[in-house]
Structure formats: C-alpha cells, structure tokens
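S.K.: Here it is: the structure, laid out below.
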Amino acid sequence: MALHNDLPPLLALRAFEAVARHLSFIKAANELSVTQSALSHQVQKLEQYLGKPLFIRRTRAIDLTADGQGYYDEIRPALDMIAAATRAQKVAPTTTILRVGLLASFATLWLAPRLAGFLNRYPHIQVELLPAIQLANVATAEVDLAIRYGKGDWPDVQATRLMAEVISPVCSPAFKASQLHNAPLLMATSHRPFEWTDWSAHYQVNLDHHSRVLLHDYNIVVEAAVAGQGIAMGRHRLIERRLKDGSLVEAFDWPPYHSEIGYWLIVPQGPASQAVECFSQWLKDTCADT
C-alpha cells in the first residue's frame with residue numbers, strides 16, 4: 001500500500017500540532033500566521049479524517065482528548081525528525097544567522113557586554129537576539145537556541161545549566177534608611193515567581209504584608225529599585241555593577257541565598273548545527289570564567 005494513502009492532510013496535521021502544543025487556537029494561529037477560523041477548519045478537517053474528536057472545547061479553554069493526546073505524542077517526534085532533516089539539507093549561506101531567544105534583562109545586563117568576544121572569534125555567524133518573556137520554541141525552530149532563567153524543568157528540550165544565581169532582596173540606600181517596613185516588592189512579570197517563594201521559604205520570612213508591583217521586565221525592576229520605588233530581588237549576576245557602585249544595597253540582614261535557580265542553555269533535541277555548537281561552547285566557557 002502506498003504511503004500517501006495513510007497520510008492525513010499535512011496542513012491539517014501542522015495546525016493540530018500547533019494547537020495541541022499551545023492548547024490555544026489564538027496562539028497557534030499567531031504562530032502560523034493564519035486566522036483562527038482557518039486554523040479551526042484545518043483541525044476539524046483532521047478530526048473528520050480520523051473519525052474522532054481530538055480536542056475538548058470549552059468556553060474559555062481547550063484540552064486534548066485521550067485520543068488527541070496519544071496522537072500528539074506519537075506524531076511529535078516524527079515532525080521533529082522531519083524538521084531536523086530539512087534543516088540539515090538546507091544550503092548554508094555565507095553568513096549564518098543564529099537566533100537566540102532570551103530575557104531582555106539577561107541580554108542587556110550580562111550577554112551584550114561580552115558578545116564581542118564571540119563575534120570576533122566567529123565573524124561569519126551573525127547573532128540575532130530575540131528578547132521575550134515566554135520561552136521561545138526551539139523545537140519548531142522559532143529560535144536556534146535559548147537562554148532561560150529558572151530551574152531547568154522545561155519539557156521537550158535539552159537544558160544545560162550555565163551558571164547558578166545568587167539572590168537577595170535589594171533596594172536603594174535611601175529607601176532602606178526610610179521606608180523599608182511594609183515596602184512594596186518589585187517583581188518581573190512571571191507565571192512562576194519562584195525567587196521570592198524560595199527566598200522567603202529558606203529564611204522563613206512572611207512577606208504577606210508587603211504589596212506587589214508587577215513590572216514587565218527585570219531591567220525595569222532594577223531601575224525602579226535604584227529610583228527608590230521598593231525592594232527588588234537582586235540577581236547578583238546581573239546587578240553586579242549596581243552593587244559595586246552602591247546604587248543598590250542589601251535590603252535585609254540575611255546573607256545572599258545560593259539558590260537552585262540559574263541560567264540555562266536550551267537547545268532542541270537531536271543534533272545541533274555548527275553555529276549552535278560554536279555559540280553553546282563559547283557561552284559555557286564564558287560562564288565558567290565569570
């Protein structure tokens with residue numbers, strides 16, 4: 001029997017994979033640059049082809065059916081293999097563009113001042129930094145690799161810890177002298193505020209009486225703390241200059257906390273391109289030297 005007789009409509013398959021990965025028609029449609037209506041039509045086309053529903057549709061959310069989850073788990077490795085084989089067959093341009101997903105704060109405060117070392121060593125690799133709060137998708141080649149801050153528990157990727165972080169609450173000297181009691185906590189927008197959770201659990205500190213101020217990015221958190229707007233969780237790798245020049249000081253008397261949180265190199269499963277290997281090794285060496 002010919003192979004194509006058992007293949008589903010490939011556009012419908014691509015639509016299903018994106019919706020199943022995001023569990024959102026909106027996010028999947030944005031990723032594929034199509035309308036939600038067109039995406040929904042493709043998913044329904046696949047469901048009609050298989051003769052069974054793949055999603056449980058609710059008013060404000062969707063979820064995979066048991067059959068849908070099983071189908072997704074089986075086709076995802078195959079699609080990853082197709083993507084990897086396609087990347088391997090592409091003719092490399094004279095200048096290789098390496099797309100790196102990362103947080104804007106890490107790009108600004110740590111990577112950018114050191115990036116010249118890589119560019120001087122590999123002038124044929126053009127590095128494109130793509131800052132975003134959400135973890136960029138390396139599995140679907142949205143970026144070639146990513147650098148993330150956390151505990152390394154991201155699914156479907158290879159995560160290698162580059163360096164651990166030391167954290168402690170910090171504020172401006174003037175703020176510490178006058179307004180520390182019940183001061184607002186300055187936080188970067190995150191679905192998992194593990195910094196404050198881990199620190200308060202380690203030192204058994206109740207922070208419930210402190211209000212929270214959510215800011216879009218950690219760069220803004222640092223500037224707000226320097227301006228005397230509240231207490232920030234200091235990531236010592238990123239605020240080293242601020243601690244040295246005295247614009248930020250320890251808010252409390254406890255010593256800095258050597259946490260499990262750190263910076264991680266995120267690459268796709270399977271073989272990496274030469275550019276990814278070069279940047280990964282340079283990054284590991286640079287982190288080891290700091």
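Scheme for the structure tokens: letters A, B, ... for chains in order shown; per-chain residue numbers from 1; ligand numbers from 1 in order shown.
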For the contact check between region 65-144 of chain A and region 20-24 of chain A, emit one row per residue of region 65-144 of chain A within 9 Å, containing the shortest atom pair and the distance in Å rounded to one decimal, counting only C-alpha atoms, chain then rising number order, as a tab-separated table.

M.R.:
```
residue	atom	partner	partner_atom	distance
A:Gly68	CA	A:Ala20	CA	8.2
A:Gln69	CA	A:Ala20	CA	8.1
A:Tyr72	CA	A:Ala20	CA	7.1
```

S.K.: Could you check which of A:Val205, A:Ile266, A:Leu238, A:Ala174 is closest to Ala225 (chain A), using only C-alpha atoms?

M.R.: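 Result for the nearest residue to Ala225 (chain A): A:Ala174.
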
S.K.: Determine the nearest neighbour of Met233 (chain A) from the options A:Ile167, A:Asp198, A:Pro193, A:Val276, counting only C-alpha atoms.

M.R.: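 Counting only C-alpha atoms, the residue closest to Met233 (chain A) is A:Ile167.
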
S.K.: Figure out the distance between CA of Gln42 (chain A) and CA of Asn30 (chain A), please, to one decimal in Å.

M.R.: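 Answer for the CA of Asn30 (chain A) to CA of Gln42 (chain A) separation: 14.8 Å.
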
S.K.: Going by DSSP on the backbone, which bits of region 90-258 of chain A are helix (DSSP H, G or I)? Write them as a ChimeraX atom specification, please.

M.R.: /A:104-121,173-178,194-203,218-226,240-245

S.K.: Going by DSSP on the backbone, which residues of region 45-240 of chain A come out as strand (DSSP E)? List them as a VMD selection string.

M.R.: chain A and resid 55 to 57 62 to 64 96 to 102 125 to 131 145 to 150 158 to 171 185 to 188 212 to 215 231 to 235

S.K.: With a cut-off of 12 Å, could you pull out the residues of region 201-282 of chain A touching region 73-83 of chain A and give me the nearest pair of atoms for each, distance in Å to one decimal, using only C-alpha atoms, ordered by chain and ascending number, as a tab-separated table?

M.R.:
```
residue	atom	partner	partner_atom	distance
A:Pro268	CA	A:Asp80	CA	9.1
A:Gln269	CA	A:Asp80	CA	8.4
A:Gly270	CA	A:Met81	CA	8.5
A:Pro271	CA	A:Met81	CA	10.3
```

S.K.: So which one's closest to Leu46 (chain A), A:Val100, A:Val166, A:Leu10, A:Ile231? Using only C-alpha atoms, please.

M.R.: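 Among the listed residues, the smallest separation from Leu46 (chain A) belongs to A:Leu10.
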
S.K.: Which is closest to Glu142 (chain A) among A:Gly234, A:Gly246, A:Pro255, A:Gly101, if we use only C-alpha atoms?

M.R.: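 Under the stated criterion, the closest residue is A:Gly101.
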
S.K.: Of the residues A:Phe252, A:Tyr122, A:Phe16, A:Trp264, which is the one nearest to Ser200 (chain A), using only C-alpha atoms?

M.R.: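 Once distances to Ser200 (chain A) are computed over only C-alpha atoms, the minimum belongs to A:Phe252.
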
S.K.: How many Å lie between CA of Val127 (chain A) and CA of Lys27 (chain A), rounded to one decimal?

M.R.: 26.2 Å

S.K.: Would you mind listing what lies within 9 Å of His216 (chain A) as a PDB file with C-alpha atoms, in the first residue's frame, with only C-alpha atoms counted and same-chain residues fewer than 3 positions away left out?

M.R.:
```pdb
ATOM      1  CA  ILE A 133       9.274  36.769  28.435  1.00  0.00           C
ATOM      2  CA  MET A 187       8.670  41.817  40.610  1.00  0.00           C
ATOM      3  CA  ALA A 188       9.243  40.995  36.959  1.00  0.00           C
ATOM      4  CA  THR A 189       6.175  39.571  35.231  1.00  0.00           C
ATOM      5  CA  SER A 190       6.333  35.785  35.527  1.00  0.00           C
ATOM      6  CA  ASN A 219      15.513  45.677  33.599  1.00  0.00           C
ATOM      7  CA  ILE A 220      12.604  47.848  34.741  1.00  0.00           C
ATOM      8  CA  VAL A 221      12.645  46.189  38.175  1.00  0.00           C
TER       9      VAL A 221
END
```

S.K.: Which of these residues is nearest to Ala107 (chain A), using only C-alpha atoms: A:Asp285, A:Asp208, A:Asp245, A:Glu128?

M.R.: A:Glu128

S.K.: What does the structure give for the distance between CA of Glu277 (chain A) and CA of Ala88 (chain A), in Å to one decimal?

M.R.: 14.1 Å

S.K.: Skip Cys287 (chain A) itself and residues of its chain fewer than 4 positions away, then list as a VMD selection string all residues within 7 Å of it, counting only C-alpha atoms.

M.R.: chain A and resid 162 to 163 283

S.K.: Could you turn the residues from that selection into a file that holds N, CA, C and O atoms, as a short mmCIF file (atom, residue, chain, number, x, y, z; two decimals), in the first residue's frame?

M.R.:
```
data_model
loop_
_atom_site.label_atom_id
_atom_site.label_comp_id
_atom_site.auth_asym_id
_atom_site.auth_seq_id
_atom_site.Cartn_x
_atom_site.Cartn_y
_atom_site.Cartn_z
N LEU A 162 24.05 26.78 32.82
CA LEU A 162 25.26 27.54 32.53
C LEU A 162 25.91 28.07 33.80
O LEU A 162 27.12 28.02 33.96
N MET A 163 25.11 28.60 34.69
CA MET A 163 25.63 29.12 35.96
C MET A 163 24.47 29.33 36.92
O MET A 163 23.35 29.63 36.50
N LEU A 283 29.53 30.10 25.09
CA LEU A 283 28.70 30.52 26.21
C LEU A 283 29.09 29.77 27.48
O LEU A 283 29.22 30.36 28.55
#
```

S.K.: Find the residues around Leu54 (chain A) up to 7 Å (only C-alpha atoms counted), leave out those fewer than 6 positions away in its own chain, and share them as a PyMOL selection string.

M.R.: chain A and resi 47+64-65+67-68

S.K.: Next, write the just-selected residues to a file, as an mmCIF file, in the first residue's frame, keeping N, CA, C and O atoms as the atom set.

M.R.:
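Wrote out-v2.cif, looks like this:
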```
data_model
loop_
_atom_site.group_PDB
_atom_site.id
_atom_site.type_symbol
_atom_site.label_atom_id
_atom_site.label_comp_id
_atom_site.auth_asym_id
_atom_site.auth_seq_id
_atom_site.Cartn_x
_atom_site.Cartn_y
_atom_site.Cartn_z
ATOM 1 N N GLU A 47 -9.957 15.954 12.255
ATOM 2 C CA GLU A 47 -10.872 15.164 13.084
ATOM 3 C C GLU A 47 -11.842 14.366 12.209
ATOM 4 O O GLU A 47 -12.127 13.204 12.502
ATOM 5 N N LEU A 64 -6.861 18.421 25.176
ATOM 6 C CA LEU A 64 -6.809 17.266 24.302
ATOM 7 C C LEU A 64 -7.674 16.144 24.856
ATOM 8 O O LEU A 64 -7.713 15.923 26.071
ATOM 9 N N THR A 65 -8.358 15.422 23.967
ATOM 10 C CA THR A 65 -8.998 14.177 24.384
ATOM 11 C C THR A 65 -7.906 13.137 24.598
ATOM 12 O O THR A 65 -6.735 13.357 24.257
ATOM 13 N N ASP A 67 -7.569 10.384 22.961
ATOM 14 C CA ASP A 67 -7.086 10.043 21.618
ATOM 15 C C ASP A 67 -6.206 11.153 21.060
ATOM 16 O O ASP A 67 -5.188 10.892 20.406
ATOM 17 N N GLY A 68 -6.592 12.399 21.311
ATOM 18 C CA GLY A 68 -5.803 13.522 20.822
ATOM 19 C C GLY A 68 -4.430 13.564 21.453
ATOM 20 O O GLY A 68 -3.423 13.814 20.773
#
```

S.K.: Can you list, as a CSV table (one decimal) with N, CA, C and O atoms, in the first residue's frame, every protein, DNA or RNA residue that comes within 12 Å of Thr96 (chain A) when you count only C-alpha atoms, leaving out same-chain residues fewer than 2 positions away?

M.R.:
```csv
chain,number,residue,atom,x,y,z
A,90,LYS,N,19.3,22.1,4.1
A,90,LYS,CA,19.4,23.5,3.6
A,90,LYS,C,20.8,23.9,3.3
A,90,LYS,O,21.7,23.6,4.1
A,91,VAL,N,21.0,24.6,2.2
A,91,VAL,CA,22.3,25.1,1.9
A,91,VAL,C,22.6,26.3,2.8
A,91,VAL,O,21.8,27.3,2.9
A,92,ALA,N,23.7,26.2,3.4
A,92,ALA,CA,24.1,27.2,4.4
A,92,ALA,C,24.6,28.5,3.6
A,92,ALA,O,25.3,28.4,2.7
A,93,PRO,N,24.1,29.7,4.0
A,93,PRO,CA,24.5,30.9,3.4
A,93,PRO,C,26.0,31.2,3.8
A,93,PRO,O,26.5,30.6,4.8
A,94,THR,N,26.6,32.2,3.2
A,94,THR,CA,27.9,32.6,3.5
A,94,THR,C,28.0,33.1,5.0
A,94,THR,O,28.9,32.7,5.7
A,98,LEU,N,22.3,33.3,13.6
A,98,LEU,CA,22.0,32.5,14.8
A,98,LEU,C,21.0,33.2,15.6
A,98,LEU,O,21.3,34.3,16.1
A,99,ARG,N,19.7,32.7,15.7
A,99,ARG,CA,18.7,33.4,16.5
A,99,ARG,C,18.7,32.8,17.9
A,99,ARG,O,18.5,31.6,18.2
A,119,LEU,N,31.8,37.3,18.6
A,119,LEU,CA,31.7,37.8,17.2
A,119,LEU,C,33.1,38.0,16.6
A,119,LEU,O,33.3,37.8,15.4
A,122,TYR,N,34.1,34.3,15.7
A,122,TYR,CA,33.3,33.7,14.6
A,122,TYR,C,32.6,34.8,13.8
A,122,TYR,O,31.4,35.0,13.9
A,123,PRO,N,33.3,35.5,13.0
A,123,PRO,CA,32.8,36.7,12.3
A,123,PRO,C,31.7,36.3,11.2
A,123,PRO,O,30.9,37.1,10.8
A,124,HIS,N,31.7,35.0,10.8
A,124,HIS,CA,30.7,34.5,9.8
A,124,HIS,C,29.4,34.2,10.4
A,124,HIS,O,28.4,33.9,9.7
A,125,ILE,N,29.3,34.2,11.8
A,125,ILE,CA,28.0,34.0,12.5
A,125,ILE,C,27.4,35.3,12.9
A,125,ILE,O,28.0,36.0,13.7
A,126,GLN,N,26.2,35.6,12.4
A,126,GLN,CA,25.5,36.8,12.8
A,126,GLN,C,24.5,36.5,13.9
A,126,GLN,O,23.6,35.7,13.6
A,127,VAL,N,24.7,37.0,15.1
A,127,VAL,CA,23.8,36.7,16.2
A,127,VAL,C,22.7,37.7,16.3
A,127,VAL,O,22.8,38.9,16.2
A,128,GLU,N,21.5,37.1,16.3
A,128,GLU,CA,20.2,37.9,16.4
A,128,GLU,C,19.6,37.6,17.7
A,128,GLU,O,19.1,36.5,17.9
A,144,ASP,N,17.1,29.3,17.3
A,144,ASP,CA,18.1,28.2,17.2
A,144,ASP,C,18.5,27.7,18.5
A,144,ASP,O,18.8,26.5,18.7
A,273,SER,N,23.3,22.4,14.9
A,273,SER,CA,24.0,23.0,13.8
A,273,SER,C,25.4,23.4,14.3
A,273,SER,O,25.6,23.6,15.5
A,274,GLN,N,26.3,23.7,13.3
A,274,GLN,CA,27.6,24.1,13.7
A,274,GLN,C,27.6,25.5,14.4
A,274,GLN,O,28.3,25.7,15.4
A,275,ALA,N,26.7,26.4,14.0
A,275,ALA,CA,26.6,27.7,14.6
A,275,ALA,C,26.1,27.5,16.1
A,275,ALA,O,26.6,28.2,17.0
A,276,VAL,N,25.2,26.6,16.3
A,276,VAL,CA,24.7,26.4,17.7
A,276,VAL,C,25.8,25.8,18.5
A,276,VAL,O,25.9,26.2,19.7
A,278,CYS,N,29.0,26.2,18.2
A,278,CYS,CA,30.0,27.2,18.4
A,278,CYS,C,29.6,28.1,19.5
A,278,CYS,O,30.3,28.4,20.5
A,279,PHE,N,28.3,28.6,19.4
A,279,PHE,CA,27.8,29.6,20.4
A,279,PHE,C,27.7,28.9,21.8
A,279,PHE,O,28.0,29.5,22.8
```
